[in-house]
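Participant: Sharing my_file17.cif, mmCIF, C-alpha atoms and all ligand atoms:
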data_target
loop_
_atom_site.label_atom_id
_atom_site.label_comp_id
_atom_site.auth_asym_id
_atom_site.auth_seq_id
_atom_site.Cartn_x
_atom_site.Cartn_y
_atom_site.Cartn_z
CA MET O 17 12.91 -2.43 12.41
CA LYS O 18 12.86 0.84 14.25
CA ASP O 19 10.35 1.23 17.03
CA LEU O 20 8.49 4.21 15.65
CA LYS O 21 7.59 6.57 18.42
CA LEU O 22 6.23 9.52 16.54
CA SER O 23 6.83 12.83 18.25
CA THR O 24 4.24 15.57 18.69
CA GLU O 25 6.17 17.52 16.02
CA GLN O 26 5.90 14.62 13.56
CA LYS O 27 2.18 14.31 14.16
CA ALA O 28 1.74 18.05 13.74
CA ALA O 29 3.75 17.89 10.50
CA TYR O 30 1.47 15.16 9.14
CA ASP O 31 -1.63 17.22 10.00
CA ARG O 32 -0.15 20.39 8.51
CA ASP O 33 1.57 18.99 5.39
CA GLY O 34 -0.54 15.90 4.63
CA TYR O 35 2.54 13.68 4.56
CA LEU O 36 5.44 12.55 6.74
CA VAL O 37 8.72 10.85 5.83
CA VAL O 38 10.41 8.52 8.32
CA LYS O 39 13.94 7.55 7.35
CA SER O 40 15.49 4.08 7.85
CA PHE O 41 12.46 2.31 9.31
CA LEU O 42 13.82 -1.05 8.16
CA SER O 43 17.38 -2.30 8.43
CA ALA O 44 19.32 -3.08 5.25
CA GLU O 45 18.90 -6.83 5.98
CA GLU O 46 15.13 -6.55 6.40
CA VAL O 47 14.57 -4.51 3.27
CA GLY O 48 16.97 -6.74 1.31
CA MET O 49 14.95 -9.77 2.33
CA LEU O 50 11.66 -8.13 1.36
CA TYR O 51 13.01 -7.03 -2.01
CA ASN O 52 14.30 -10.55 -2.71
CA ILE O 53 10.89 -11.99 -1.92
CA ALA O 54 9.28 -9.40 -4.18
CA THR O 55 11.53 -10.15 -7.13
CA ASP O 56 11.79 -13.96 -6.74
CA ASP O 57 8.36 -14.99 -5.53
CA ASP O 58 6.19 -16.78 -8.13
CA VAL O 59 2.96 -16.06 -6.25
CA LEU O 60 3.59 -12.32 -6.28
CA LYS O 61 4.40 -12.53 -10.00
CA ASP O 62 1.36 -14.67 -10.86
CA LYS O 63 -1.04 -12.37 -9.03
CA ALA O 64 0.35 -9.16 -10.53
CA PHE O 65 -1.67 -7.19 -13.04
CA ASP O 66 -0.89 -4.23 -15.26
CA PHE O 67 -2.39 -0.87 -14.50
CA ASN O 68 -2.06 1.40 -17.51
CA ASP O 69 -1.44 5.11 -17.54
CA GLN O 70 -2.81 7.47 -20.20
CA THR O 71 0.06 6.80 -22.58
CA GLY O 72 -0.27 3.03 -22.30
CA LYS O 73 2.78 2.63 -20.08
CA ARG O 74 2.17 0.04 -17.42
CA THR O 75 2.91 -0.41 -13.77
CA LYS O 76 2.70 -3.94 -12.49
CA LEU O 77 1.05 -4.23 -9.16
CA THR O 78 0.04 -7.04 -6.84
CA LEU O 79 -2.62 -6.19 -4.26
CA TRP O 80 -3.81 -8.27 -1.31
CA PHE O 81 -6.20 -7.52 1.52
CA THR O 82 -5.75 -9.66 4.65
CA PRO O 83 -2.21 -9.55 6.06
CA GLY O 84 -0.87 -13.05 6.75
CA ASP O 85 2.14 -14.52 8.49
CA ASP O 86 4.51 -14.02 5.56
CA ALA O 87 7.24 -11.38 5.78
CA TYR O 88 5.03 -8.68 4.18
CA GLY O 89 2.04 -9.54 6.38
CA LEU O 90 4.20 -9.42 9.50
CA LEU O 91 5.64 -6.07 8.48
CA THR O 92 2.20 -4.50 8.03
CA ARG O 93 1.09 -6.04 11.35
CA SER O 94 4.17 -4.98 13.31
CA GLU O 95 3.60 -2.97 16.47
CA ALA O 96 5.86 -0.22 15.15
CA MET O 97 3.83 0.25 11.98
CA VAL O 98 0.40 -0.12 13.56
CA ASN O 99 1.24 2.22 16.46
CA ALA O 100 2.52 4.86 14.06
CA VAL O 101 -0.69 4.63 12.04
CA GLN O 102 -2.67 4.84 15.28
CA ASP O 103 -0.78 7.97 16.30
CA LEU O 104 -1.54 9.63 12.98
CA LEU O 105 -5.19 8.56 12.66
CA GLY O 106 -6.21 9.01 16.27
CA GLU O 107 -8.80 7.04 18.18
CA GLY O 108 -10.28 3.88 16.65
CA GLN O 109 -9.17 0.33 15.89
CA VAL O 110 -6.50 0.14 13.20
CA CYS O 111 -7.37 -2.19 10.31
CA HIS O 112 -5.32 -3.10 7.24
CA PHE O 113 -7.31 -2.25 4.10
CA HIS O 114 -4.81 -3.55 1.56
CA SER O 115 -1.17 -3.58 0.57
CA LYS O 116 0.15 -3.44 -2.94
CA LEU O 117 3.53 -4.14 -4.35
CA MET O 118 4.30 -1.50 -6.97
CA GLN O 119 6.70 -2.77 -9.61
CA LYS O 120 7.83 0.18 -11.67
CA GLU O 121 10.28 -1.40 -14.06
CA PRO O 122 13.11 0.43 -15.85
CA LYS O 123 12.00 2.15 -19.08
CA VAL O 124 8.45 0.75 -19.01
CA GLY O 125 7.12 1.65 -15.52
CA GLY O 126 4.13 3.92 -16.02
CA ALA O 127 3.26 7.31 -14.57
CA TRP O 128 0.57 8.03 -12.00
CA GLU O 129 -1.59 11.03 -12.77
CA TRP O 130 -2.37 13.68 -10.17
CA HIS O 131 -4.89 12.15 -7.78
CA GLN O 132 -5.96 11.72 -4.20
CA ASP O 133 -6.22 8.17 -2.90
CA TYR O 134 -9.64 9.17 -1.62
CA GLY O 135 -10.54 9.68 -5.28
CA TYR O 136 -10.45 5.87 -5.38
CA TRP O 137 -11.69 5.12 -1.89
CA TYR O 138 -14.73 7.39 -2.12
CA LYS O 139 -15.81 4.97 -4.87
CA ASN O 140 -15.33 2.05 -2.47
CA GLY O 141 -17.88 3.83 -0.29
CA PHE O 142 -15.77 5.06 2.63
CA LEU O 143 -17.35 8.05 4.36
CA PHE O 144 -14.43 9.38 6.43
CA PRO O 145 -11.18 10.24 4.64
CA ASP O 146 -9.46 11.18 7.92
CA ALA O 147 -9.80 7.56 9.07
CA LEU O 148 -7.68 6.33 6.14
CA ILE O 149 -3.95 6.60 5.43
CA SER O 150 -1.40 5.37 2.88
CA VAL O 151 2.10 4.25 3.85
CA MET O 152 4.72 3.83 1.15
CA LEU O 153 7.75 1.68 1.94
CA ALA O 154 10.68 2.04 -0.45
CA LEU O 155 12.11 -1.34 -1.49
CA THR O 156 14.57 0.25 -3.91
CA GLU O 157 15.72 3.82 -3.91
CA ALA O 158 13.13 6.24 -5.28
CA THR O 159 14.61 9.26 -7.02
CA LYS O 160 13.57 11.96 -9.48
CA GLN O 161 15.16 9.83 -12.19
CA ASN O 162 13.18 6.65 -11.55
CA GLY O 163 9.84 8.30 -10.84
CA CYS O 164 9.60 8.95 -7.10
CA LEU O 165 6.34 10.12 -5.60
CA GLN O 166 5.62 13.85 -5.79
CA VAL O 167 3.20 15.50 -3.38
CA LEU O 168 1.63 18.94 -3.08
CA LYS O 169 2.42 19.91 0.48
CA GLY O 170 -0.72 20.87 2.41
CA SER O 171 -3.11 20.00 -0.43
CA HIS O 172 -5.08 17.55 1.74
CA LYS O 173 -6.82 20.62 3.18
CA ILE O 174 -8.63 21.13 -0.14
CA GLY O 175 -10.89 18.17 0.54
CA ARG O 176 -11.96 15.65 -2.05
CA LEU O 177 -11.78 16.63 -5.70
CA GLU O 178 -13.75 15.14 -8.55
CA HIS O 179 -11.92 12.26 -10.25
CA SER O 180 -12.41 10.70 -13.64
CA PHE O 181 -10.62 8.09 -15.72
CA ALA O 182 -7.07 8.77 -16.88
CA GLY O 183 -6.18 5.52 -18.63
CA GLU O 184 -7.23 2.93 -16.06
CA GLN O 185 -6.39 5.28 -13.23
CA GLN O 186 -8.45 7.92 -11.49
CA GLY O 187 -7.21 11.45 -12.20
CA ALA O 188 -8.22 14.55 -10.23
CA ASP O 189 -9.99 17.45 -11.96
CA MET O 190 -7.10 19.20 -13.72
CA ASP O 191 -8.62 22.70 -13.38
CA PHE O 192 -8.22 22.33 -9.62
CA VAL O 193 -4.84 20.58 -9.90
CA ASN O 194 -3.45 23.43 -12.01
CA VAL O 195 -4.44 26.00 -9.41
CA ALA O 196 -3.15 23.76 -6.62
CA LEU O 197 0.20 23.56 -8.46
CA GLU O 198 0.47 27.34 -8.18
CA ARG O 199 -0.54 27.51 -4.53
CA PHE O 200 1.16 24.54 -2.88
CA GLU O 201 4.79 23.56 -2.76
CA LEU O 202 5.65 20.54 -4.91
CA VAL O 203 7.86 18.07 -3.04
CA HIS O 204 9.74 15.17 -4.65
CA CYS O 205 9.72 12.45 -1.99
CA GLU O 206 13.08 10.82 -2.69
CA LEU O 207 13.48 7.72 -0.54
CA GLU O 208 16.18 5.20 0.34
CA PRO O 209 15.32 1.52 0.68
CA GLY O 210 13.65 1.03 4.07
CA ASP O 211 12.27 4.59 4.35
CA LEU O 212 8.56 5.22 4.93
CA LEU O 213 6.26 7.90 3.56
CA PHE O 214 2.90 8.35 5.29
CA PHE O 215 0.32 10.40 3.40
CA HIS O 216 -3.25 11.60 3.86
CA PRO O 217 -5.90 10.28 1.42
CA ASN O 218 -6.65 13.79 0.18
CA THR O 219 -3.00 14.74 -0.46
CA LEU O 220 -2.57 15.35 -4.17
CA HIS O 221 0.24 13.18 -5.53
CA MET O 222 1.61 11.81 -8.78
CA SER O 223 4.70 10.14 -10.15
CA GLU O 224 6.46 10.26 -13.51
CA ALA O 225 7.13 7.20 -15.62
CA ASN O 226 10.35 5.38 -14.86
CA LEU O 227 12.55 6.18 -17.86
CA SER O 228 15.74 5.33 -15.99
CA ASP O 229 17.57 2.02 -16.08
CA LYS O 230 16.85 1.33 -12.39
CA PRO O 231 13.69 -0.32 -11.04
CA ARG O 232 11.53 1.58 -8.58
CA TRP O 233 9.77 -0.90 -6.36
CA SER O 234 7.74 -0.05 -3.32
CA MET O 235 4.93 -1.34 -1.20
CA ILE O 236 1.97 0.90 -0.44
CA SER O 237 -0.18 -0.15 2.51
CA ALA O 238 -3.53 1.42 3.25
CA TYR O 239 -4.97 1.42 6.75
CA ASN O 240 -8.45 2.31 7.95
CA LEU O 241 -10.16 2.71 11.32
CA ALA O 242 -12.83 0.09 12.03
CA TYR O 243 -15.68 2.59 12.42
CA ASN O 244 -15.24 3.73 8.81
CA VAL O 245 -17.39 0.99 7.27
CA PRO O 246 -17.52 1.24 3.46
CA PHE O 247 -20.84 0.52 1.70
CA ARG O 248 -19.46 -0.85 -1.58
CA GLU O 249 -16.23 -2.58 -0.60
CA LYS O 250 -17.09 -6.18 0.25
CA ASN O 251 -13.70 -7.29 1.55
CA THR O 252 -13.78 -7.14 5.34
CA SER O 253 -10.05 -6.65 6.01
CA CYS O 254 -10.60 -2.86 6.17
CA ILE O 255 -12.90 -3.27 9.19
CA THR O 256 -11.01 -6.12 10.87
CA PRO O 257 -8.61 -4.90 13.57
CA VAL O 258 -5.00 -5.87 12.89
CA GLN O 259 -3.57 -8.69 15.00
CA THR O 260 -0.25 -7.08 15.83
CA VAL O 261 3.08 -8.90 16.09
CA THR O 262 6.36 -7.86 17.69
CA ASN O 263 8.85 -5.84 15.68
CA ASP O 264 11.33 -8.69 15.36
CA ALA O 265 8.78 -10.90 13.56
CA VAL O 266 9.86 -9.80 10.05
CA ALA O 267 13.52 -10.59 10.69
CA LYS O 268 12.51 -13.96 12.15
CA SER O 269 10.06 -14.85 9.38
CA GLY O 270 12.59 -16.85 7.40
CA ALA O 271 11.88 -14.86 4.24
CA LYS O 272 8.43 -16.42 3.94
CA GLY O 273 6.61 -15.31 0.78
CA LEU O 274 2.86 -14.78 0.31
CA SER O 275 0.77 -17.93 -0.06
CA ALA O 276 -1.34 -18.31 -3.21
CA ASP O 277 -4.59 -18.65 -1.27
CA ARG O 278 -4.46 -15.08 0.06
CA ASP O 279 -7.26 -12.71 -0.95
CA PHE O 280 -5.49 -11.08 -3.88
CA LEU O 281 -7.32 -8.50 -5.95
CA SER O 282 -7.98 -9.33 -9.57
CA LYS O 283 -8.53 -6.55 -12.05
CA GLU O 284 -12.16 -7.59 -12.73
CA ASN O 285 -12.95 -6.92 -9.07
CA GLU O 286 -11.37 -3.47 -8.85
CA ILE O 287 -14.31 -1.29 -7.83
CA THR O 288 -12.92 1.96 -9.22
CA LEU O 289 -12.79 0.41 -12.70
CA ASN O 290 -16.50 -0.31 -12.47
CA VAL O 291 -18.06 2.59 -10.54
CA LYS O 292 -18.66 5.79 -12.47
O1 LIG O 301 3.63 4.29 -6.95
C1 LIG O 301 3.35 5.43 -7.32
O2 LIG O 301 4.14 6.15 -7.92
C2 LIG O 301 2.02 6.03 -7.03
C3 LIG O 301 0.96 5.03 -6.77
C4 LIG O 301 -0.26 5.62 -6.22
O3 LIG O 301 -0.35 6.79 -5.96
C5 LIG O 301 -1.42 4.77 -5.96
O4 LIG O 301 -1.34 3.56 -6.19
O5 LIG O 301 -2.44 5.29 -5.50
FE FE O 302 -2.14 7.20 -4.89
#
As structure tokens, how would this structure be written, given the file I've shared?
Facilitator:
Amino acid sequence: MKDLKLSTEQKAAYDRDGYLVVKSFLSAEEVGMLYNIATDDDVLKDKAFDFNDQTGKRTKLTLWFTPGDDAYGLLTRSEAMVNAVQDLLGEGQVCHFHSKLMQKEPKVGGAWEWHQDYGYWYKNGFLFPDALISVMLALTEATKQNGCLQVLKGSHKIGRLEHSFAGEQQGADMDFVNVALERFELVHCELEPGDLLFFHPNTLHMSEANLSDKPRWSMISAYNLAYNVPFREKNTSCITPVQTVTNDAVAKSGAKGLSADRDFLSKENEITLNVK
């Protein structure tokens, strides 16, 4: 794992563009181990649920809140990751809101409509979007062919847009999205395994269905600063400061998978499916 010391230029790029790519954060061995856990682990499979797009295509995802001492928990608690998040979010105690393993399978992996993550998190009752961030870690390569993430560069400056249901997802108001598509540059965030993509909760993003014959797996972790106390979300991980571990913890974890007694999200408890 690379010790991420973000430069002033990288921080400025995040503030200006609403996203930042960091190449080769994990070594090939580390990302190989994480991908093997993701594909072989029965707990991760059992706790996965389908999230359907508008056309009925599905993305499997497994979401948990509190980071443990398994390889994924250690990764999200690593000093490198937490310090990078701290650099981008500024002052406050860094907390892990949740991580989700996105399993976009060949031919069936669904699309994600244009949205802002704050379209969801507003419904959880978070007041301060600037205190939240998403970090995508590529476990496989993500390309145009297998449905990599697309962002509108600089669109986080718009502020929160209205969101409504698009399948089971939250989609941003398309009148605004269509204008934003004319005014902001569209960037395909192609990633290699082990790369990171940080993005602001108001950055408009989407991804196409995976019609290729290659899987597109990734983990998306969301972090929050402790002062940003949500009024609907009942899980306390988002206001519990991360207990950091050293950067070699993942490599030393012995490929430990998630335990079944973690606080996994079930679909019935997903707030955005229940709040209008
Ligand atoms: O994995 C993707 O393509 C996008 C997922 C996403 O934007 C989300 O879960 O909020
Ligand atoms: Fe998103």
Participant: For each of O:Ala96, O:Met222, O:Val203, O:Ala238, take the minimum atom-to-atom distance to His114 (chain O), counting all atoms listed in the file, then give the residue where this is smallest.
Facilitator: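 Going through O:Ala96, O:Met222, O:Val203, O:Ala238 one by one, the smallest distance to His114 (chain O) is for O:Ala238.
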Participant: Please identify all polymer residues within 12 Å of Lys123 (chain O), counting all atoms listed in the file, omitting same-chain residues fewer than 4 positions from it, and present them as a PyMOL selection string.
Facilitator: chain O and resi 73-75+119+127+161-163+224-232
Participant: Please find the residues contacting ligand LIG 301 (chain O) at a distance of at most 9 Å between atoms, with only C-alpha atoms and all ligand atoms counted, and report them as a PDB file with C-alpha atoms, in the frame of the given file.
Facilitator:
ATOM      1  CA  THR O  75       2.910  -0.410 -13.770  1.00  0.00           C
ATOM      2  CA  LEU O  77       1.050  -4.230  -9.160  1.00  0.00           C
ATOM      3  CA  LYS O 116       0.150  -3.440  -2.940  1.00  0.00           C
ATOM      4  CA  LEU O 117       3.530  -4.140  -4.350  1.00  0.00           C
ATOM      5  CA  MET O 118       4.300  -1.500  -6.970  1.00  0.00           C
ATOM      6  CA  GLN O 119       6.700  -2.770  -9.610  1.00  0.00           C
ATOM      7  CA  LYS O 120       7.830   0.180 -11.670  1.00  0.00           C
ATOM      8  CA  GLY O 126       4.130   3.920 -16.020  1.00  0.00           C
ATOM      9  CA  ALA O 127       3.260   7.310 -14.570  1.00  0.00           C
ATOM     10  CA  TRP O 128       0.570   8.030 -12.000  1.00  0.00           C
ATOM     11  CA  GLU O 129      -1.590  11.030 -12.770  1.00  0.00           C
ATOM     12  CA  TRP O 130      -2.370  13.680 -10.170  1.00  0.00           C
ATOM     13  CA  HIS O 131      -4.890  12.150  -7.780  1.00  0.00           C
ATOM     14  CA  GLN O 132      -5.960  11.720  -4.200  1.00  0.00           C
ATOM     15  CA  ASP O 133      -6.220   8.170  -2.900  1.00  0.00           C
ATOM     16  CA  TYR O 136     -10.450   5.870  -5.380  1.00  0.00           C
ATOM     17  CA  SER O 150      -1.400   5.370   2.880  1.00  0.00           C
ATOM     18  CA  MET O 152       4.720   3.830   1.150  1.00  0.00           C
ATOM     19  CA  GLY O 163       9.840   8.300 -10.840  1.00  0.00           C
ATOM     20  CA  CYS O 164       9.600   8.950  -7.100  1.00  0.00           C
ATOM     21  CA  LEU O 165       6.340  10.120  -5.600  1.00  0.00           C
ATOM     22  CA  GLN O 166       5.620  13.850  -5.790  1.00  0.00           C
ATOM     23  CA  GLN O 185      -6.390   5.280 -13.230  1.00  0.00           C
ATOM     24  CA  GLN O 186      -8.450   7.920 -11.490  1.00  0.00           C
ATOM     25  CA  HIS O 221       0.240  13.180  -5.530  1.00  0.00           C
ATOM     26  CA  MET O 222       1.610  11.810  -8.780  1.00  0.00           C
ATOM     27  CA  SER O 223       4.700  10.140 -10.150  1.00  0.00           C
ATOM     28  CA  GLU O 224       6.460  10.260 -13.510  1.00  0.00           C
ATOM     29  CA  ALA O 225       7.130   7.200 -15.620  1.00  0.00           C
ATOM     30  CA  ARG O 232      11.530   1.580  -8.580  1.00  0.00           C
ATOM     31  CA  TRP O 233       9.770  -0.900  -6.360  1.00  0.00           C
ATOM     32  CA  SER O 234       7.740  -0.050  -3.320  1.00  0.00           C
ATOM     33  CA  MET O 235       4.930  -1.340  -1.200  1.00  0.00           C
ATOM     34  CA  ILE O 236       1.970   0.900  -0.440  1.00  0.00           C
TER      35      ILE O 236
END
Participant: Could you give me, as a list of chain:residue names, the residues within 8 Å of Gly273 (chain O), counting all atoms listed in the file and dropping anything in the same chain fewer than 5 positions from it?
Facilitator: O:Ile53, O:Asp57, O:Val59, O:Asp86, O:Ala87, O:Tyr88
Participant: Please check which residues have atoms at most 10 Å from (-0.3, 2.2, -23.2) in the file's coordinates, counting only C-alpha atoms, and write them as an MDAnalysis selection string.
Facilitator: chainID O and resid 67:74 124 126 183:184
Participant: State, in Å with one decimal place, the distance from CA of Ala188 (chain O) to CA of Arg176 (chain O).
Facilitator: 9.1 Å
Participant: Restricting the calculation to all atoms listed in the file, which member of O:Asn218, O:Ser43, O:Thr55, O:Asn99 is positioned closest to ligand FE 302 (chain O)?
Facilitator: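 Of O:Asn218, O:Ser43, O:Thr55, O:Asn99, the one nearest ligand FE 302 (chain O), counting all atoms listed in the file, is O:Asn218.
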Participant: How many Å separate CA of Glu95 (chain O) from CA of Val167 (chain O)?
Facilitator: 27.1 Å
Participant: With distances taken over only C-alpha atoms, which residue among O:Asp58, O:Phe113, O:Tyr243, O:Val261 lies nearest Leu79 (chain O)?
Facilitator: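 Using only C-alpha atoms, the shortest distance to Leu79 (chain O) belongs to O:Phe113.
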Participant: Against region 105-109 of chain O, which residues of region 172-230 of chain O fall within 12 Å? For each one I want the closest pair of atoms and the distance in Å (one decimal), counting only C-alpha atoms, rows by chain and increasing residue number, as a tab-separated table.
Facilitator:
residue	atom	partner	partner_atom	distance
O:Phe214	CA	O:Leu105	CA	10.9
O:Phe215	CA	O:Leu105	CA	10.9
O:His216	CA	O:Leu105	CA	9.5
O:Pro217	CA	O:Leu105	CA	11.4
Participant: As a PDB file with C-alpha atoms, in the coordinates of the input, please: the residues near Phe142 (chain O) (cut-off 10 Å, only C-alpha atoms, same-chain neighbours under 6 positions excluded).
Facilitator:
ATOM      1  CA  TYR O 134      -9.640   9.170  -1.620  1.00  0.00           C
ATOM      2  CA  TYR O 136     -10.450   5.870  -5.380  1.00  0.00           C
ATOM      3  CA  LEU O 148      -7.680   6.330   6.140  1.00  0.00           C
ATOM      4  CA  ASN O 240      -8.450   2.310   7.950  1.00  0.00           C
ATOM      5  CA  ASN O 244     -15.240   3.730   8.810  1.00  0.00           C
ATOM      6  CA  VAL O 245     -17.390   0.990   7.270  1.00  0.00           C
ATOM      7  CA  PRO O 246     -17.520   1.240   3.460  1.00  0.00           C
ATOM      8  CA  PHE O 247     -20.840   0.520   1.700  1.00  0.00           C
ATOM      9  CA  ARG O 248     -19.460  -0.850  -1.580  1.00  0.00           C
ATOM     10  CA  GLU O 249     -16.230  -2.580  -0.600  1.00  0.00           C
TER      11      GLU O 249
END
